[in-house]
$ cat final-v1.cif   # mmCIF, N, CA and C atoms
data_work
#
loop_
_atom_site.label_atom_id
_atom_site.label_comp_id
_atom_site.auth_asym_id
_atom_site.auth_seq_id
_atom_site.Cartn_x
_atom_site.Cartn_y
_atom_site.Cartn_z
N ASP O 1284 -1.37 30.93 -9.59
CA ASP O 1284 -0.74 29.80 -10.24
C ASP O 1284 -1.59 28.56 -9.96
N GLY O 1285 -2.00 27.87 -11.02
CA GLY O 1285 -2.89 26.73 -10.87
C GLY O 1285 -2.19 25.39 -10.84
N SER O 1286 -0.85 25.38 -10.79
CA SER O 1286 -0.14 24.11 -10.84
C SER O 1286 -0.42 23.25 -9.60
N ASP O 1287 -0.64 23.87 -8.45
CA ASP O 1287 -0.96 23.10 -7.25
C ASP O 1287 -2.30 22.39 -7.40
N TYR O 1288 -3.25 23.08 -8.05
CA TYR O 1288 -4.57 22.47 -8.26
C TYR O 1288 -4.45 21.23 -9.14
N TYR O 1289 -3.72 21.34 -10.24
CA TYR O 1289 -3.60 20.20 -11.14
C TYR O 1289 -2.77 19.07 -10.53
N ASN O 1290 -1.77 19.42 -9.75
CA ASN O 1290 -1.00 18.38 -9.08
C ASN O 1290 -1.85 17.64 -8.06
N SER O 1291 -2.70 18.37 -7.34
CA SER O 1291 -3.55 17.70 -6.36
C SER O 1291 -4.62 16.86 -7.04
N VAL O 1292 -5.15 17.30 -8.18
CA VAL O 1292 -6.12 16.50 -8.92
C VAL O 1292 -5.45 15.26 -9.49
N GLY O 1293 -4.24 15.41 -10.00
CA GLY O 1293 -3.51 14.26 -10.51
C GLY O 1293 -3.22 13.25 -9.41
N HIS O 1294 -2.87 13.75 -8.23
CA HIS O 1294 -2.61 12.87 -7.09
C HIS O 1294 -3.89 12.15 -6.67
N LEU O 1295 -4.99 12.86 -6.67
CA LEU O 1295 -6.27 12.25 -6.33
C LEU O 1295 -6.64 11.16 -7.33
N MET O 1296 -6.46 11.44 -8.60
CA MET O 1296 -6.77 10.44 -9.63
C MET O 1296 -5.87 9.22 -9.49
N TRP O 1297 -4.60 9.44 -9.16
CA TRP O 1297 -3.68 8.32 -8.94
C TRP O 1297 -4.15 7.48 -7.76
N GLN O 1298 -4.52 8.13 -6.66
CA GLN O 1298 -5.00 7.40 -5.48
C GLN O 1298 -6.26 6.60 -5.80
N LEU O 1299 -7.17 7.19 -6.55
CA LEU O 1299 -8.39 6.47 -6.91
C LEU O 1299 -8.09 5.26 -7.76
N ARG O 1300 -7.23 5.43 -8.76
CA ARG O 1300 -6.95 4.35 -9.70
C ARG O 1300 -6.13 3.23 -9.07
N TYR O 1301 -5.12 3.59 -8.30
CA TYR O 1301 -4.18 2.59 -7.81
C TYR O 1301 -4.48 2.07 -6.41
N GLN O 1302 -5.25 2.79 -5.61
CA GLN O 1302 -5.52 2.33 -4.26
C GLN O 1302 -7.01 2.09 -4.00
N ALA O 1303 -7.84 3.08 -4.26
CA ALA O 1303 -9.25 2.99 -3.87
C ALA O 1303 -10.03 1.98 -4.70
N LEU O 1304 -9.89 2.01 -6.02
CA LEU O 1304 -10.68 1.11 -6.86
C LEU O 1304 -10.39 -0.36 -6.62
N PRO O 1305 -9.12 -0.78 -6.55
CA PRO O 1305 -8.88 -2.19 -6.23
C PRO O 1305 -9.43 -2.61 -4.87
N THR O 1306 -9.31 -1.73 -3.88
CA THR O 1306 -9.82 -2.05 -2.55
C THR O 1306 -11.34 -2.18 -2.56
N VAL O 1307 -12.00 -1.24 -3.20
CA VAL O 1307 -13.46 -1.30 -3.28
C VAL O 1307 -13.92 -2.53 -4.03
N CYS O 1308 -13.26 -2.85 -5.14
CA CYS O 1308 -13.62 -4.05 -5.90
C CYS O 1308 -13.42 -5.31 -5.08
N CYS O 1309 -12.35 -5.37 -4.31
CA CYS O 1309 -12.08 -6.53 -3.47
C CYS O 1309 -13.16 -6.69 -2.40
N VAL O 1310 -13.52 -5.59 -1.74
CA VAL O 1310 -14.53 -5.65 -0.68
C VAL O 1310 -15.89 -6.01 -1.25
N VAL O 1311 -16.25 -5.41 -2.37
CA VAL O 1311 -17.56 -5.70 -2.98
C VAL O 1311 -17.63 -7.16 -3.43
N ALA O 1312 -16.57 -7.66 -4.05
CA ALA O 1312 -16.57 -9.06 -4.48
C ALA O 1312 -16.67 -10.00 -3.29
N ALA O 1313 -15.91 -9.73 -2.24
CA ALA O 1313 -15.92 -10.61 -1.08
C ALA O 1313 -17.27 -10.60 -0.38
N THR O 1314 -17.87 -9.43 -0.22
CA THR O 1314 -19.17 -9.37 0.45
C THR O 1314 -20.29 -9.90 -0.43
N SER O 1315 -20.11 -9.86 -1.73
CA SER O 1315 -21.13 -10.41 -2.63
C SER O 1315 -21.12 -11.93 -2.60
N TYR O 1316 -19.95 -12.52 -2.55
CA TYR O 1316 -19.84 -13.99 -2.56
C TYR O 1316 -19.99 -14.60 -1.16
N ALA O 1317 -19.76 -13.83 -0.10
CA ALA O 1317 -19.91 -14.33 1.27
C ALA O 1317 -20.70 -13.32 2.09
N PRO O 1318 -21.98 -13.10 1.76
CA PRO O 1318 -22.73 -12.03 2.42
C PRO O 1318 -23.05 -12.29 3.89
N GLY O 1319 -22.99 -13.51 4.33
CA GLY O 1319 -23.37 -13.82 5.70
C GLY O 1319 -22.31 -13.55 6.74
N HIS O 1320 -21.12 -13.13 6.33
CA HIS O 1320 -20.03 -12.99 7.30
C HIS O 1320 -19.77 -11.55 7.72
N GLY O 1321 -20.42 -10.60 7.12
CA GLY O 1321 -20.38 -9.21 7.56
C GLY O 1321 -19.00 -8.61 7.67
N SER O 1322 -18.71 -8.07 8.85
CA SER O 1322 -17.48 -7.30 9.04
C SER O 1322 -16.22 -8.16 8.95
N THR O 1323 -16.34 -9.45 9.22
CA THR O 1323 -15.17 -10.32 9.14
C THR O 1323 -14.65 -10.41 7.71
N VAL O 1324 -15.55 -10.61 6.76
CA VAL O 1324 -15.12 -10.70 5.37
C VAL O 1324 -14.69 -9.34 4.83
N ILE O 1325 -15.28 -8.27 5.33
CA ILE O 1325 -14.87 -6.93 4.89
C ILE O 1325 -13.42 -6.65 5.34
N MET O 1326 -13.13 -6.94 6.59
CA MET O 1326 -11.76 -6.71 7.09
C MET O 1326 -10.76 -7.59 6.37
N SER O 1327 -11.12 -8.83 6.14
CA SER O 1327 -10.23 -9.74 5.43
C SER O 1327 -9.97 -9.25 4.01
N ALA O 1328 -11.00 -8.75 3.36
CA ALA O 1328 -10.85 -8.24 1.99
C ALA O 1328 -9.99 -6.98 1.95
N VAL O 1329 -10.13 -6.12 2.94
CA VAL O 1329 -9.30 -4.91 2.98
C VAL O 1329 -7.83 -5.29 3.15
N VAL O 1330 -7.56 -6.26 4.01
CA VAL O 1330 -6.17 -6.70 4.20
C VAL O 1330 -5.65 -7.34 2.91
N ALA O 1331 -6.45 -8.17 2.27
CA ALA O 1331 -6.02 -8.83 1.04
C ALA O 1331 -5.79 -7.84 -0.09
N SER O 1332 -6.55 -6.77 -0.12
CA SER O 1332 -6.42 -5.79 -1.22
C SER O 1332 -5.17 -4.95 -1.11
N SER O 1333 -4.43 -5.09 -0.03
CA SER O 1333 -3.22 -4.27 0.14
C SER O 1333 -2.17 -4.54 -0.92
N VAL O 1334 -2.21 -5.70 -1.56
CA VAL O 1334 -1.24 -6.00 -2.61
C VAL O 1334 -1.81 -5.78 -4.01
N CYS O 1335 -3.04 -5.33 -4.11
CA CYS O 1335 -3.71 -5.20 -5.41
C CYS O 1335 -3.57 -3.82 -6.02
N SER O 1336 -2.60 -3.07 -5.61
CA SER O 1336 -2.43 -1.70 -6.08
C SER O 1336 -2.36 -1.63 -7.60
N GLY O 1337 -3.27 -0.89 -8.20
CA GLY O 1337 -3.27 -0.69 -9.64
C GLY O 1337 -4.00 -1.74 -10.44
N SER O 1338 -4.61 -2.71 -9.80
CA SER O 1338 -5.26 -3.79 -10.54
C SER O 1338 -6.67 -4.04 -10.02
N VAL O 1339 -7.65 -3.56 -10.77
CA VAL O 1339 -9.03 -3.81 -10.41
C VAL O 1339 -9.34 -5.30 -10.53
N LEU O 1340 -8.81 -5.94 -11.56
CA LEU O 1340 -9.00 -7.39 -11.70
C LEU O 1340 -8.36 -8.14 -10.53
N GLY O 1341 -7.23 -7.66 -10.05
CA GLY O 1341 -6.60 -8.26 -8.89
C GLY O 1341 -7.46 -8.11 -7.65
N GLY O 1342 -8.11 -6.96 -7.50
CA GLY O 1342 -9.03 -6.76 -6.39
C GLY O 1342 -10.21 -7.71 -6.46
N LEU O 1343 -10.76 -7.88 -7.66
CA LEU O 1343 -11.88 -8.82 -7.83
C LEU O 1343 -11.45 -10.25 -7.52
N ALA O 1344 -10.28 -10.64 -8.01
CA ALA O 1344 -9.79 -11.99 -7.76
C ALA O 1344 -9.51 -12.21 -6.27
N ALA O 1345 -8.90 -11.24 -5.62
CA ALA O 1345 -8.61 -11.37 -4.19
C ALA O 1345 -9.90 -11.45 -3.38
N GLY O 1346 -10.89 -10.66 -3.76
CA GLY O 1346 -12.18 -10.72 -3.07
C GLY O 1346 -12.85 -12.07 -3.21
N TRP O 1347 -12.77 -12.64 -4.39
CA TRP O 1347 -13.35 -13.96 -4.61
C TRP O 1347 -12.64 -15.03 -3.79
N VAL O 1348 -11.30 -14.98 -3.78
CA VAL O 1348 -10.53 -15.96 -3.00
C VAL O 1348 -10.83 -15.80 -1.51
N VAL O 1349 -10.90 -14.57 -1.03
CA VAL O 1349 -11.23 -14.33 0.38
C VAL O 1349 -12.59 -14.94 0.72
N SER O 1350 -13.57 -14.72 -0.14
CA SER O 1350 -14.91 -15.24 0.14
C SER O 1350 -14.92 -16.77 0.17
N CYS O 1351 -14.07 -17.39 -0.62
CA CYS O 1351 -13.99 -18.86 -0.61
C CYS O 1351 -13.30 -19.37 0.66
N LEU O 1352 -12.30 -18.67 1.14
CA LEU O 1352 -11.52 -19.14 2.28
C LEU O 1352 -12.12 -18.80 3.64
N VAL O 1353 -12.97 -17.77 3.70
CA VAL O 1353 -13.54 -17.37 4.98
C VAL O 1353 -14.39 -18.49 5.58
N ASP O 1354 -15.20 -19.13 4.77
CA ASP O 1354 -16.03 -20.23 5.27
C ASP O 1354 -15.17 -21.36 5.84
N ARG O 1355 -14.14 -21.72 5.10
CA ARG O 1355 -13.27 -22.82 5.55
C ARG O 1355 -12.53 -22.48 6.83
N ALA O 1356 -12.02 -21.26 6.92
CA ALA O 1356 -11.29 -20.84 8.12
C ALA O 1356 -12.24 -20.76 9.32
N LEU O 1357 -13.43 -20.25 9.10
CA LEU O 1357 -14.41 -20.17 10.19
C LEU O 1357 -14.79 -21.56 10.69
N PHE O 1358 -15.02 -22.47 9.78
CA PHE O 1358 -15.37 -23.84 10.16
C PHE O 1358 -14.22 -24.51 10.91
N ALA O 1359 -12.99 -24.27 10.47
CA ALA O 1359 -11.82 -24.86 11.15
C ALA O 1359 -11.70 -24.33 12.58
N CYS O 1360 -11.93 -23.02 12.76
CA CYS O 1360 -11.86 -22.45 14.11
C CYS O 1360 -12.95 -23.02 15.01
N ILE O 1361 -14.15 -23.19 14.48
CA ILE O 1361 -15.24 -23.77 15.27
C ILE O 1361 -14.91 -25.21 15.62
N ARG O 1362 -14.37 -25.92 14.67
CA ARG O 1362 -14.03 -27.33 14.90
C ARG O 1362 -12.96 -27.51 15.97
N PHE O 1363 -12.01 -26.58 16.03
CA PHE O 1363 -10.95 -26.66 17.03
C PHE O 1363 -11.32 -25.98 18.35
N GLY O 1364 -12.53 -25.47 18.45
CA GLY O 1364 -13.01 -24.89 19.70
C GLY O 1364 -12.44 -23.52 20.03
N VAL O 1365 -12.08 -22.76 19.02
CA VAL O 1365 -11.54 -21.41 19.25
C VAL O 1365 -12.70 -20.49 19.65
N PRO O 1366 -12.54 -19.67 20.68
CA PRO O 1366 -13.61 -18.75 21.08
C PRO O 1366 -14.01 -17.80 19.94
N ALA O 1367 -15.24 -17.31 20.01
CA ALA O 1367 -15.82 -16.53 18.91
C ALA O 1367 -15.03 -15.27 18.59
N THR O 1368 -14.63 -14.52 19.60
CA THR O 1368 -13.89 -13.28 19.34
C THR O 1368 -12.55 -13.57 18.68
N MET O 1369 -11.87 -14.57 19.17
CA MET O 1369 -10.58 -14.95 18.57
C MET O 1369 -10.79 -15.49 17.17
N THR O 1370 -11.90 -16.17 16.93
CA THR O 1370 -12.20 -16.67 15.59
C THR O 1370 -12.34 -15.52 14.61
N ASN O 1371 -13.05 -14.47 15.00
CA ASN O 1371 -13.19 -13.31 14.11
C ASN O 1371 -11.85 -12.66 13.82
N ILE O 1372 -11.02 -12.55 14.83
CA ILE O 1372 -9.70 -11.94 14.63
C ILE O 1372 -8.84 -12.81 13.72
N LEU O 1373 -8.84 -14.11 13.96
CA LEU O 1373 -8.05 -15.02 13.13
C LEU O 1373 -8.53 -15.05 11.69
N VAL O 1374 -9.84 -15.16 11.52
CA VAL O 1374 -10.39 -15.26 10.16
C VAL O 1374 -10.13 -13.96 9.40
N ALA O 1375 -10.42 -12.82 10.03
CA ALA O 1375 -10.24 -11.54 9.34
C ALA O 1375 -8.78 -11.28 9.01
N GLY O 1376 -7.89 -11.54 9.96
CA GLY O 1376 -6.48 -11.24 9.73
C GLY O 1376 -5.75 -12.29 8.93
N CYS O 1377 -5.93 -13.55 9.30
CA CYS O 1377 -5.16 -14.61 8.66
C CYS O 1377 -5.59 -14.87 7.21
N VAL O 1378 -6.88 -14.87 6.96
CA VAL O 1378 -7.33 -15.12 5.59
C VAL O 1378 -6.86 -13.99 4.68
N GLY O 1379 -7.06 -12.75 5.10
CA GLY O 1379 -6.65 -11.62 4.28
C GLY O 1379 -5.16 -11.58 4.04
N SER O 1380 -4.38 -11.80 5.10
CA SER O 1380 -2.93 -11.75 4.93
C SER O 1380 -2.41 -12.95 4.14
N THR O 1381 -3.06 -14.10 4.26
CA THR O 1381 -2.65 -15.26 3.46
C THR O 1381 -2.91 -15.02 1.98
N VAL O 1382 -4.07 -14.48 1.67
CA VAL O 1382 -4.37 -14.17 0.26
C VAL O 1382 -3.39 -13.13 -0.26
N ALA O 1383 -3.11 -12.10 0.53
CA ALA O 1383 -2.14 -11.08 0.11
C ALA O 1383 -0.76 -11.68 -0.12
N LEU O 1384 -0.34 -12.55 0.78
CA LEU O 1384 0.97 -13.19 0.65
C LEU O 1384 1.05 -14.07 -0.59
N VAL O 1385 0.02 -14.86 -0.83
CA VAL O 1385 0.01 -15.74 -2.00
C VAL O 1385 0.01 -14.93 -3.28
N PHE O 1386 -0.81 -13.88 -3.33
CA PHE O 1386 -0.85 -13.04 -4.54
C PHE O 1386 0.50 -12.36 -4.77
N ALA O 1387 1.14 -11.91 -3.69
CA ALA O 1387 2.44 -11.23 -3.84
C ALA O 1387 3.53 -12.20 -4.26
N MET O 1388 3.57 -13.37 -3.64
CA MET O 1388 4.62 -14.35 -3.96
C MET O 1388 4.44 -14.95 -5.36
N ALA O 1389 3.22 -15.12 -5.79
CA ALA O 1389 2.96 -15.71 -7.10
C ALA O 1389 2.99 -14.69 -8.23
N GLN O 1390 3.20 -13.42 -7.90
CA GLN O 1390 3.24 -12.35 -8.90
C GLN O 1390 1.96 -12.31 -9.74
N ILE O 1391 0.83 -12.51 -9.08
CA ILE O 1391 -0.46 -12.49 -9.77
C ILE O 1391 -0.85 -11.08 -10.18
N ILE O 1392 -0.61 -10.11 -9.32
CA ILE O 1392 -1.04 -8.73 -9.58
C ILE O 1392 -0.32 -8.13 -10.79
N PRO O 1393 1.01 -8.25 -10.93
CA PRO O 1393 1.64 -7.73 -12.14
C PRO O 1393 1.10 -8.37 -13.42
N ALA O 1394 0.80 -9.66 -13.37
CA ALA O 1394 0.22 -10.33 -14.54
C ALA O 1394 -1.16 -9.77 -14.86
N LEU O 1395 -1.97 -9.52 -13.84
CA LEU O 1395 -3.30 -8.96 -14.07
C LEU O 1395 -3.23 -7.51 -14.54
N ILE O 1396 -2.23 -6.76 -14.06
CA ILE O 1396 -2.05 -5.39 -14.54
C ILE O 1396 -1.70 -5.40 -16.03
N MET O 1397 -0.81 -6.31 -16.44
CA MET O 1397 -0.46 -6.42 -17.87
C MET O 1397 -1.69 -6.82 -18.69
N PHE O 1398 -2.48 -7.76 -18.18
CA PHE O 1398 -3.70 -8.18 -18.87
C PHE O 1398 -4.69 -7.02 -19.00
N THR O 1399 -4.86 -6.26 -17.94
CA THR O 1399 -5.76 -5.10 -17.97
C THR O 1399 -5.26 -4.06 -18.97
N ASN O 1400 -3.96 -3.79 -18.96
CA ASN O 1400 -3.41 -2.81 -19.90
C ASN O 1400 -3.56 -3.28 -21.34
N THR O 1401 -3.45 -4.58 -21.59
CA THR O 1401 -3.65 -5.11 -22.93
C THR O 1401 -5.09 -4.91 -23.38
N ILE O 1402 -6.04 -5.18 -22.50
CA ILE O 1402 -7.45 -4.95 -22.83
C ILE O 1402 -7.70 -3.48 -23.09
N ARG O 1403 -7.16 -2.61 -22.22
CA ARG O 1403 -7.34 -1.17 -22.38
C ARG O 1403 -6.75 -0.70 -23.71
N TRP O 1404 -5.55 -1.19 -24.04
CA TRP O 1404 -4.89 -0.81 -25.29
C TRP O 1404 -5.72 -1.27 -26.49
N GLY O 1405 -6.23 -2.49 -26.45
CA GLY O 1405 -7.06 -3.00 -27.54
C GLY O 1405 -8.33 -2.19 -27.72
N CYS O 1406 -8.98 -1.85 -26.63
CA CYS O 1406 -10.21 -1.05 -26.71
C CYS O 1406 -9.93 0.34 -27.27
N GLU O 1407 -8.84 0.95 -26.83
CA GLU O 1407 -8.49 2.28 -27.33
C GLU O 1407 -8.18 2.23 -28.82
N ASN O 1408 -7.47 1.20 -29.27
CA ASN O 1408 -7.15 1.09 -30.69
C ASN O 1408 -8.39 0.86 -31.54
N VAL O 1409 -9.29 0.02 -31.08
CA VAL O 1409 -10.53 -0.22 -31.83
C VAL O 1409 -11.36 1.05 -31.89
N CYS O 1410 -11.46 1.76 -30.77
CA CYS O 1410 -12.23 3.01 -30.75
C CYS O 1410 -11.60 4.05 -31.68
N ASN O 1411 -10.28 4.15 -31.67
CA ASN O 1411 -9.60 5.11 -32.54
C ASN O 1411 -9.76 4.73 -34.01
N GLU O 1412 -9.72 3.44 -34.30
CA GLU O 1412 -9.84 2.98 -35.69
C GLU O 1412 -11.22 3.30 -36.26
N TYR O 1413 -12.23 3.17 -35.46
CA TYR O 1413 -13.60 3.42 -35.93
C TYR O 1413 -14.08 4.84 -35.63
N GLY O 1414 -13.23 5.66 -35.08
CA GLY O 1414 -13.55 7.05 -34.84
C GLY O 1414 -14.54 7.28 -33.71
N ILE O 1415 -14.56 6.39 -32.74
CA ILE O 1415 -15.49 6.55 -31.63
C ILE O 1415 -14.72 6.77 -30.32
N ALA O 1416 -13.60 7.44 -30.44
CA ALA O 1416 -12.78 7.72 -29.26
C ALA O 1416 -13.53 8.65 -28.31
N PRO O 1417 -13.37 8.45 -27.02
CA PRO O 1417 -14.04 9.33 -26.06
C PRO O 1417 -13.55 10.76 -26.18
N LYS O 1418 -14.42 11.69 -25.94
CA LYS O 1418 -14.07 13.11 -26.07
C LYS O 1418 -13.82 13.74 -24.75
#
$ encode --input "final-v1.cif" --output "structure tokens"
Amino acid sequence: DGSDYYNSVGHLMWQLRYQALPTVCCVVAATSYAPGHGSTVIMSAVVASSVCSGSVLGGLAAGWVVSCLVDRALFACIRFGVPATMTNILVAGCVGSTVALVFAMAQIIPALIMFTNTIRWGCENVCNEYGIAPK
């Protein structure tokens, strides 16, 4: 019986689409815009991507916001004389969780999911109309 195989493949595809891709997009965007911060920006982006389930655009937006806020948070910690290890913990945790909280409270991710679905629907209709649908 091959139903277990198809169920596991379907589950894997769901995990890739709704969890892995937004997280990867968030981390790549954050490290691209703030390459000098290394593991701090990566951890912050992973925390921020926790609310981006199902939205690649949400992951990209969260990564960009994280990269903008990491510099400011790092500078604030240095200015207040926070030790380096505590600065890394604060920046990685607080920036990521703040971005996640703002995105969740503002309902940004559902809006981006609807926008993505609209683009996907439009592309599929144009492809079907001109007979260039994927095979």
$ atom_distance --input "final-v1.cif" --atom1 "atom C of Gly1346 in chain O" --atom2 "atom N of Met1388 in chain O"
16.5 Å
$ select_by_dssp --input "final-v1.cif" --residues "chain O" --states "alpha helix (DSSP H)" --output "MDAnalysis selection string"
chainID O and resid 1286:1298 1304:1316 1322:1331 1339:1362 1367:1373 1379:1388 1391:1412
$ resolve_selection --input "final-v1.cif" --expression "the PyMOL selection byres (((chain O and resi 1348 and name CA) around 10) and name CA)" --output "JSON, numbers by chain"
{"O": [1309, 1312, 1313, 1316, 1328, 1331, 1342, 1343, 1344, 1345, 1346, 1347, 1349, 1350, 1351, 1352, 1353, 1378, 1379, 1382]}
$ residues_around --input "final-v1.cif" --residues "Phe1386 in chain O" --least-positions-apart "5" --cutoff "8 Å" --atoms "only N, CA and C atoms" --output "PyMOL selection string"
chain O and resi 1334-1335+1345+1380-1381+1391-1393
$ closest_residue --input "final-v1.cif" --among "O:Val1339, O:Ala1317, O:Val1374, O:Met1326" --to "Pro1305 in chain O" --atoms "only N, CA and C atoms"
O:Val1339
$ atom_distance --input "final-v1.cif" --atom1 "CA of His1320 in chain O" --atom2 "atom N of Ile1361 in chain O"
13.8 Å
$ closest_residue --input "final-v1.cif" --among "O:Leu1340, O:Arg1300, O:Glu1407, O:Thr1323" --to "Ala1367 in chain O" --atoms "only C-alpha atoms"
O:Thr1323
$ atom_distance --input "final-v1.cif" --atom1 "CA of Ala1387 in chain O" --atom2 "atom C of Ala1375 in chain O"
17.1 Å
$ residues_around --input "final-v1.cif" --residues "Ile1325 in chain O" --least-positions-apart "4" --cutoff "7 Å" --atoms "only C-alpha atoms" --output "tab-separated table (two decimals) with N, CA and C atoms, keeping the file's coordinate frame"
chain	number	residue	atom	x	y	z
O	1310	VAL	N	-13.52	-5.59	-1.74
O	1310	VAL	CA	-14.53	-5.65	-0.68
O	1310	VAL	C	-15.89	-6.01	-1.25
O	1314	THR	N	-17.87	-9.43	-0.22
O	1314	THR	CA	-19.17	-9.37	0.45
O	1314	THR	C	-20.29	-9.90	-0.43
O	1321	GLY	N	-20.42	-10.60	7.12
O	1321	GLY	CA	-20.38	-9.21	7.56
O	1321	GLY	C	-19.00	-8.61	7.67
O	1329	VAL	N	-10.13	-6.12	2.94
O	1329	VAL	CA	-9.30	-4.91	2.98
O	1329	VAL	C	-7.83	-5.29	3.15
$ closest_residue --input "final-v1.cif" --among "O:Val1311, O:Ile1415, O:Val1324, O:Val1330" --to "Asn1371 in chain O" --atoms "only C-alpha atoms"
O:Val1324
$ axis_aligned_box --input "final-v1.cif" --around "range 1385-1403 of chain O" --padding-each-side "8 Å" --output "JSON"
{"center_x": -1.5, "center_y": -8.2, "center_z": -12.3, "size_x": 28.3, "size_y": 31.0, "size_z": 38.9}
$ closest_residue --input "final-v1.cif" --among "O:Arg1403, O:Gly1337, O:Leu1384, O:Gly1319" --to "Asp1354 in chain O" --atoms "only C-alpha atoms"
O:Gly1319
